[in-house]
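The structure file start_27.txt is reproduced below (compact mmCIF, C-alpha atoms).
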# COMPACT_ATOMS: atom_id res chain seq x y z
CA MET F 150 27.89 -86.66 12.24
CA LYS F 151 27.54 -87.02 8.45
CA ALA F 152 25.18 -89.94 9.03
CA LEU F 153 22.99 -87.73 11.24
CA ARG F 154 22.80 -85.03 8.56
CA GLU F 155 21.91 -87.60 5.89
CA ILE F 156 19.26 -89.20 8.12
CA LEU F 157 17.71 -85.80 8.83
CA ALA F 158 17.65 -84.88 5.14
CA ALA F 159 16.29 -88.26 4.02
CA ALA F 160 13.65 -88.21 6.78
CA GLY F 161 12.55 -84.73 5.67
CA LEU F 162 12.28 -85.90 2.06
CA LEU F 163 10.34 -89.01 3.08
CA PHE F 164 8.04 -86.91 5.25
CA VAL F 165 7.25 -84.44 2.45
CA ILE F 166 6.42 -87.34 0.11
CA LEU F 167 4.22 -89.04 2.72
CA ILE F 168 2.34 -85.81 3.43
CA ALA F 169 1.63 -85.31 -0.29
CA ALA F 170 0.47 -88.92 -0.62
CA TYR F 171 -1.77 -88.53 2.43
CA GLY F 172 -3.25 -85.36 0.93
CA CYS F 173 -3.99 -87.16 -2.34
CA PHE F 174 -6.08 -89.73 -0.46
CA THR F 175 -7.87 -87.37 1.93
CA LEU F 176 -8.47 -84.10 0.08
CA PRO F 177 -11.27 -83.32 -2.35
CA GLN F 178 -10.50 -82.98 -6.05
CA GLN F 179 -10.26 -79.16 -5.74
CA PHE F 180 -9.10 -77.41 -2.59
CA PRO F 181 -7.97 -73.91 -1.56
CA THR F 182 -4.26 -73.24 -1.78
CA HIS F 183 -4.02 -69.48 -1.40
CA PHE F 184 -5.71 -67.12 1.02
CA ASP F 185 -6.03 -63.34 1.12
CA ALA F 186 -5.28 -61.13 4.14
CA ASN F 187 -8.71 -61.96 5.63
CA ASN F 188 -7.98 -65.70 5.34
CA ILE F 189 -10.52 -66.06 2.52
CA ALA F 190 -9.60 -68.60 -0.17
CA ASP F 191 -8.72 -66.87 -3.44
CA GLY F 192 -6.74 -69.63 -5.16
CA TRP F 193 -7.70 -73.25 -5.83
CA SER F 194 -5.76 -76.29 -7.04
CA GLY F 195 -6.18 -79.96 -7.76
CA LYS F 196 -4.55 -82.92 -6.05
CA SER F 197 -1.75 -83.07 -8.59
CA SER F 198 -0.48 -79.71 -7.30
CA LEU F 199 0.46 -81.42 -4.03
CA TRP F 200 3.40 -83.04 -5.82
CA PHE F 201 4.99 -79.74 -6.88
CA VAL F 202 6.75 -79.04 -3.56
CA PRO F 203 7.90 -82.68 -3.03
CA ALA F 204 9.32 -82.62 -6.59
CA ILE F 205 11.33 -79.49 -5.74
CA ALA F 206 12.44 -81.09 -2.46
CA ALA F 207 13.59 -84.25 -4.28
CA PHE F 208 15.41 -82.22 -6.93
CA ASP F 209 17.21 -80.16 -4.26
CA TYR F 210 18.03 -83.29 -2.26
CA ILE F 211 19.60 -84.98 -5.30
CA LEU F 212 21.41 -81.85 -6.46
CA LEU F 213 22.88 -81.12 -3.03
CA SER F 214 23.89 -84.78 -2.67
CA LEU F 215 25.71 -84.73 -6.02
CA ILE F 216 27.77 -81.66 -5.10
CA ARG F 217 30.02 -83.99 -3.12
CA PHE F 218 31.05 -85.66 -6.39
CA LEU F 219 31.89 -82.51 -8.35
CA PRO F 220 35.52 -82.01 -9.26
CA GLN F 221 37.14 -79.65 -6.77
CA SER F 222 38.16 -77.31 -9.57
CA SER F 223 34.49 -76.59 -10.34
CA ILE F 224 33.84 -75.16 -6.88
CA ALA F 225 34.20 -71.38 -6.81
CA GLY F 226 37.55 -70.29 -5.45
CA PHE F 227 39.02 -73.79 -5.47
CA SER F 228 40.70 -73.57 -8.86
CA GLU F 229 43.19 -71.00 -7.56
CA ALA F 230 43.73 -72.75 -4.22
CA SER F 231 46.64 -74.96 -3.36
CA PRO F 232 45.96 -78.65 -2.66
CA GLU F 233 46.45 -77.97 1.06
CA GLN F 234 43.91 -75.14 1.01
CA ARG F 235 41.40 -77.32 -0.85
CA ALA F 236 41.86 -80.16 1.60
CA ALA F 237 41.25 -77.78 4.52
CA ALA F 238 38.16 -76.10 3.00
CA LEU F 239 36.42 -79.08 1.41
CA PRO F 240 35.03 -80.59 4.64
CA PHE F 241 33.38 -77.24 5.43
CA VAL F 242 31.83 -77.10 1.97
CA HIS F 243 30.43 -80.64 2.24
CA THR F 244 29.12 -80.10 5.77
CA MET F 245 27.49 -76.83 4.77
CA PHE F 246 25.65 -78.43 1.86
CA ASP F 247 24.59 -81.40 4.02
CA TRP F 248 23.00 -79.07 6.59
CA VAL F 249 21.36 -76.93 3.90
CA LYS F 250 19.94 -80.09 2.33
CA ALA F 251 18.43 -81.18 5.67
CA GLU F 252 17.04 -77.72 6.42
CA MET F 253 15.49 -77.37 2.98
CA THR F 254 13.77 -80.76 2.98
CA TRP F 255 12.16 -80.02 6.35
CA MET F 256 11.09 -76.56 5.17
CA PHE F 257 9.40 -78.16 2.15
CA ALA F 258 7.79 -80.76 4.42
CA ALA F 259 6.35 -77.99 6.60
CA ILE F 260 5.02 -76.14 3.55
CA THR F 261 3.33 -79.31 2.24
CA TRP F 262 1.91 -80.12 5.67
CA SER F 263 0.55 -76.59 5.95
CA THR F 264 -1.06 -76.86 2.50
CA VAL F 265 -2.78 -80.15 3.37
CA ALA F 266 -3.90 -78.88 6.80
CA GLU F 267 -5.32 -75.67 5.31
CA ALA F 268 -7.11 -77.65 2.61
CA GLN F 269 -8.68 -79.82 5.31
CA GLY F 270 -10.00 -76.69 7.00
CA HIS F 271 -7.45 -76.39 9.81
CA SER F 272 -6.39 -72.76 9.88
CA ILE F 273 -2.88 -73.18 11.24
CA GLU F 274 -1.10 -70.73 8.91
CA LEU F 275 2.13 -72.68 9.36
CA THR F 276 3.64 -71.46 6.10
CA MET F 277 3.70 -67.89 7.38
CA TRP F 278 5.58 -69.02 10.50
CA ILE F 279 7.96 -71.53 8.93
CA ILE F 280 9.34 -69.93 5.75
CA PRO F 281 11.06 -66.84 7.24
CA PRO F 282 12.81 -68.76 10.07
CA SER F 283 13.73 -71.54 7.63
CA LEU F 284 15.31 -69.11 5.22
CA ILE F 285 17.16 -67.42 8.08
CA ALA F 286 18.45 -70.85 9.19
CA ILE F 287 19.53 -71.80 5.66
CA PHE F 288 21.33 -68.51 4.99
CA GLY F 289 22.71 -68.54 8.54
CA THR F 290 24.20 -71.99 7.92
CA ILE F 291 25.79 -70.82 4.68
CA ILE F 292 27.24 -67.69 6.29
CA TYR F 293 28.49 -69.68 9.31
CA TYR F 294 30.36 -72.26 7.24
CA ILE F 295 31.78 -69.71 4.81
CA ALA F 296 33.03 -67.67 7.77
CA ARG F 297 34.65 -70.76 9.32
CA MET F 298 36.51 -71.71 6.15
CA ASN F 299 40.05 -70.52 5.85
CA PRO F 300 40.16 -67.87 3.19
CA VAL F 301 41.13 -69.52 -0.05
CA LYS F 302 43.71 -67.29 -1.68
CA PRO F 303 45.60 -67.95 -4.87
CA ALA F 304 48.89 -69.71 -4.30
CA LYS F 305 51.87 -67.46 -4.95
CA SER F 306 53.64 -68.22 -8.15
CA ALA F 307 57.39 -68.74 -8.34
CA ALA F 308 57.74 -65.50 -10.35
CA GLN F 309 56.62 -63.36 -7.41

In structure tokens, what does this structure look like?
Amino acid sequence: MKALREILAAAGLLFVILIAAYGCFTLPQQFPTHFDANNIADGWSGKSSLWFVPAIAAFDYILLSLIRFLPQSSIAGFSEASPEQRAAALPFVHTMFDWVKAEMTWMFAAITWSTVAEAQGHSIELTMWIIPPSLIAIFGTIIYYIARMNPVKPAKSAAQ
């Protein structure tokens, strides 16, 4: 299952990069990137702005991949936990971050795709429809895995 999560996350990152590259070859030098309530362009950007979202996606992908290699004591709540409690909770932590990484890369891919499509004149307004459900999915994943973890309580000392 870890392989599936990594494939989904890597595919999302690749897709966001490919969409930005496609936009650099197909869009004019300046294109609309923000629209008012009447769908009238009120913000313009250059092609280099297409790489902002993929850069954030790549940074998040790398950061969430490196969490697996952090010392257990640096994870909140783990410093007070017994080795048994850490061993039980750690798989939930890693799985949670793997799913969040996959969900975030696909959200960034959808945002970039929406930007390119809007700049090409296709009024799909995907960003409005993808960000709220994506954020709900990301926070839902975090809440789900935190709820499934055994509560990590400080181990009782011998003095008690």

Exercise. Determine the nearest neighbour of Ser214 of chain F from the options F:Ala159, F:Ile291, F:Ile260, F:Leu176, counting all atoms listed in the file.
Key: F:Ala159

Quiz item: Which neighbours of Val242 of chain F fall inside 9 Å, counting all atoms listed in the file, when residues of the same chain fewer than 6 positions from it are skipped, and could you give them as a PyMOL selection string?
Solution: chain F and resi 217+294-295+298

Quiz item: Quick one: distance from atom CA of Phe164 of chain F to atom CA of Ala258 of chain F in Å, one decimal?
Solution: 6.2 Å

Got a sec: who's within 12 Å of Ser263 of chain F, counting all atoms listed in the file, leaving out chain neighbours fewer than 5 positions off, as a PDB file with C-alpha atoms, in the coordinates of the input?
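After the write, out-v9.pdb holds the following:
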ATOM      1  CA  VAL F 165       7.250 -84.440   2.450  1.00  0.00           C
ATOM      2  CA  ILE F 168       2.340 -85.810   3.430  1.00  0.00           C
ATOM      3  CA  ALA F 169       1.630 -85.310  -0.290  1.00  0.00           C
ATOM      4  CA  GLY F 172      -3.250 -85.360   0.930  1.00  0.00           C
ATOM      5  CA  PRO F 181      -7.970 -73.910  -1.560  1.00  0.00           C
ATOM      6  CA  THR F 182      -4.260 -73.240  -1.780  1.00  0.00           C
ATOM      7  CA  HIS F 183      -4.020 -69.480  -1.400  1.00  0.00           C
ATOM      8  CA  LEU F 199       0.460 -81.420  -4.030  1.00  0.00           C
ATOM      9  CA  VAL F 202       6.750 -79.040  -3.560  1.00  0.00           C
ATOM     10  CA  MET F 256      11.090 -76.560   5.170  1.00  0.00           C
ATOM     11  CA  PHE F 257       9.400 -78.160   2.150  1.00  0.00           C
ATOM     12  CA  ALA F 258       7.790 -80.760   4.420  1.00  0.00           C
ATOM     13  CA  ALA F 268      -7.110 -77.650   2.610  1.00  0.00           C
ATOM     14  CA  GLN F 269      -8.680 -79.820   5.310  1.00  0.00           C
ATOM     15  CA  GLY F 270     -10.000 -76.690   7.000  1.00  0.00           C
ATOM     16  CA  HIS F 271      -7.450 -76.390   9.810  1.00  0.00           C
ATOM     17  CA  SER F 272      -6.390 -72.760   9.880  1.00  0.00           C
ATOM     18  CA  ILE F 273      -2.880 -73.180  11.240  1.00  0.00           C
ATOM     19  CA  GLU F 274      -1.100 -70.730   8.910  1.00  0.00           C
ATOM     20  CA  LEU F 275       2.130 -72.680   9.360  1.00  0.00           C
ATOM     21  CA  THR F 276       3.640 -71.460   6.100  1.00  0.00           C
ATOM     22  CA  MET F 277       3.700 -67.890   7.380  1.00  0.00           C
ATOM     23  CA  TRP F 278       5.580 -69.020  10.500  1.00  0.00           C
ATOM     24  CA  ILE F 279       7.960 -71.530   8.930  1.00  0.00           C
ATOM     25  CA  ILE F 280       9.340 -69.930   5.750  1.00  0.00           C
TER      26      ILE F 280
END

Quiz item: Expressed in Å to a single decimal, how great is the separation between atom CA of Leu213 of chain F and atom CA of Lys250 of chain F?
Solution: 6.2 Å

List every protein, DNA or RNA residue that has an atom no more than 9 Å from (35.0, -74.9, 3.7) in the file's coordinate frame, counting all atoms listed in the file, and report them as a CSV table (one decimal) with C-alpha atoms, in the frame of the given file.
chain,number,residue,atom,x,y,z
F,235,ARG,CA,41.4,-77.3,-0.8
F,236,ALA,CA,41.9,-80.2,1.6
F,237,ALA,CA,41.2,-77.8,4.5
F,238,ALA,CA,38.2,-76.1,3.0
F,239,LEU,CA,36.4,-79.1,1.4
F,240,PRO,CA,35.0,-80.6,4.6
F,241,PHE,CA,33.4,-77.2,5.4
F,242,VAL,CA,31.8,-77.1,2.0
F,243,HIS,CA,30.4,-80.6,2.2
F,244,THR,CA,29.1,-80.1,5.8
F,245,MET,CA,27.5,-76.8,4.8
F,294,TYR,CA,30.4,-72.3,7.2
F,295,ILE,CA,31.8,-69.7,4.8
F,296,ALA,CA,33.0,-67.7,7.8
F,297,ARG,CA,34.6,-70.8,9.3
F,298,MET,CA,36.5,-71.7,6.2
F,299,ASN,CA,40.0,-70.5,5.8
F,300,PRO,CA,40.2,-67.9,3.2
F,301,VAL,CA,41.1,-69.5,0.0

Quiz item: Between F:Pro282, F:Ile292, F:Trp248, F:Glu267, which has the minimum distance to Ala190 of chain F (counting all atoms listed in the file)?
Solution: F:Glu267

Return the padded bounding box of segment 154-169 of chain F as AutoDock Vina command-line options: axis-aligned, built from all atoms listed in the file, 3 Å added on each side, with centre and edge lengths in Å to one decimal.
--center_x 12.2 --center_y -86.8 --center_z 4.3 --size_x 27.2 --size_y 10.8 --size_z 15.1

Exercise. Would you list the contacts of segment 150-158 of chain F as a PyMOL selection string, taking every protein, DNA or RNA residue within 10 Å and counting all atoms listed in the file, but skipping same-chain residues closer than 2 positions in sequence?
Key: chain F and resi 160-164+206+210+214+243-244+246-255

Quiz item: Mind pulling up the distance from atom CA of Ser231 of chain F to atom CA of Tyr293 of chain F?
Solution: 22.8 Å

Exercise. Would you list the contacts of Gly195 of chain F as a list of chain:residue names, taking every protein, DNA or RNA residue within 9 Å and counting only C-alpha atoms, but skipping same-chain residues closer than 2 positions in sequence?
Key: F:Pro177, F:Gln178, F:Gln179, F:Phe180, F:Pro181, F:Trp193, F:Ser197, F:Ser198, F:Leu199

Can you sort out segment 247-259 of chain F so it carries N, CA and C atoms, written as a PDB file, in the frame of the given file?
ATOM      1  N   ASP F 247      25.383 -80.374   3.330  1.00  0.00           N
ATOM      2  CA  ASP F 247      24.590 -81.400   4.020  1.00  0.00           C
ATOM      3  C   ASP F 247      23.553 -80.761   4.937  1.00  0.00           C
ATOM      4  N   TRP F 248      23.948 -79.748   5.695  1.00  0.00           N
ATOM      5  CA  TRP F 248      23.000 -79.070   6.590  1.00  0.00           C
ATOM      6  C   TRP F 248      21.936 -78.315   5.801  1.00  0.00           C
ATOM      7  N   VAL F 249      22.335 -77.651   4.732  1.00  0.00           N
ATOM      8  CA  VAL F 249      21.360 -76.930   3.900  1.00  0.00           C
ATOM      9  C   VAL F 249      20.351 -77.914   3.312  1.00  0.00           C
ATOM     10  N   LYS F 250      20.830 -79.068   2.882  1.00  0.00           N
ATOM     11  CA  LYS F 250      19.940 -80.090   2.330  1.00  0.00           C
ATOM     12  C   LYS F 250      18.909 -80.525   3.382  1.00  0.00           C
ATOM     13  N   ALA F 251      19.347 -80.775   4.599  1.00  0.00           N
ATOM     14  CA  ALA F 251      18.430 -81.180   5.670  1.00  0.00           C
ATOM     15  C   ALA F 251      17.435 -80.063   5.988  1.00  0.00           C
ATOM     16  N   GLU F 252      17.922 -78.843   6.094  1.00  0.00           N
ATOM     17  CA  GLU F 252      17.040 -77.720   6.420  1.00  0.00           C
ATOM     18  C   GLU F 252      16.001 -77.477   5.326  1.00  0.00           C
ATOM     19  N   MET F 253      16.421 -77.608   4.081  1.00  0.00           N
ATOM     20  CA  MET F 253      15.490 -77.370   2.980  1.00  0.00           C
ATOM     21  C   MET F 253      14.417 -78.448   2.894  1.00  0.00           C
ATOM     22  N   THR F 254      14.791 -79.706   3.074  1.00  0.00           N
ATOM     23  CA  THR F 254      13.770 -80.760   2.980  1.00  0.00           C
ATOM     24  C   THR F 254      12.724 -80.602   4.076  1.00  0.00           C
ATOM     25  N   TRP F 255      13.139 -80.217   5.272  1.00  0.00           N
ATOM     26  CA  TRP F 255      12.160 -80.020   6.350  1.00  0.00           C
ATOM     27  C   TRP F 255      11.317 -78.768   6.122  1.00  0.00           C
ATOM     28  N   MET F 256      11.890 -77.734   5.507  1.00  0.00           N
ATOM     29  CA  MET F 256      11.090 -76.560   5.170  1.00  0.00           C
ATOM     30  C   MET F 256      10.011 -76.941   4.154  1.00  0.00           C
ATOM     31  N   PHE F 257      10.382 -77.726   3.145  1.00  0.00           N
ATOM     32  CA  PHE F 257       9.400 -78.160   2.150  1.00  0.00           C
ATOM     33  C   PHE F 257       8.350 -79.081   2.777  1.00  0.00           C
ATOM     34  N   ALA F 258       8.756 -79.900   3.730  1.00  0.00           N
ATOM     35  CA  ALA F 258       7.790 -80.760   4.420  1.00  0.00           C
ATOM     36  C   ALA F 258       6.778 -79.908   5.193  1.00  0.00           C
ATOM     37  N   ALA F 259       7.248 -78.868   5.849  1.00  0.00           N
ATOM     38  CA  ALA F 259       6.350 -77.990   6.600  1.00  0.00           C
ATOM     39  C   ALA F 259       5.390 -77.253   5.667  1.00  0.00           C
TER      40      ALA F 259
END
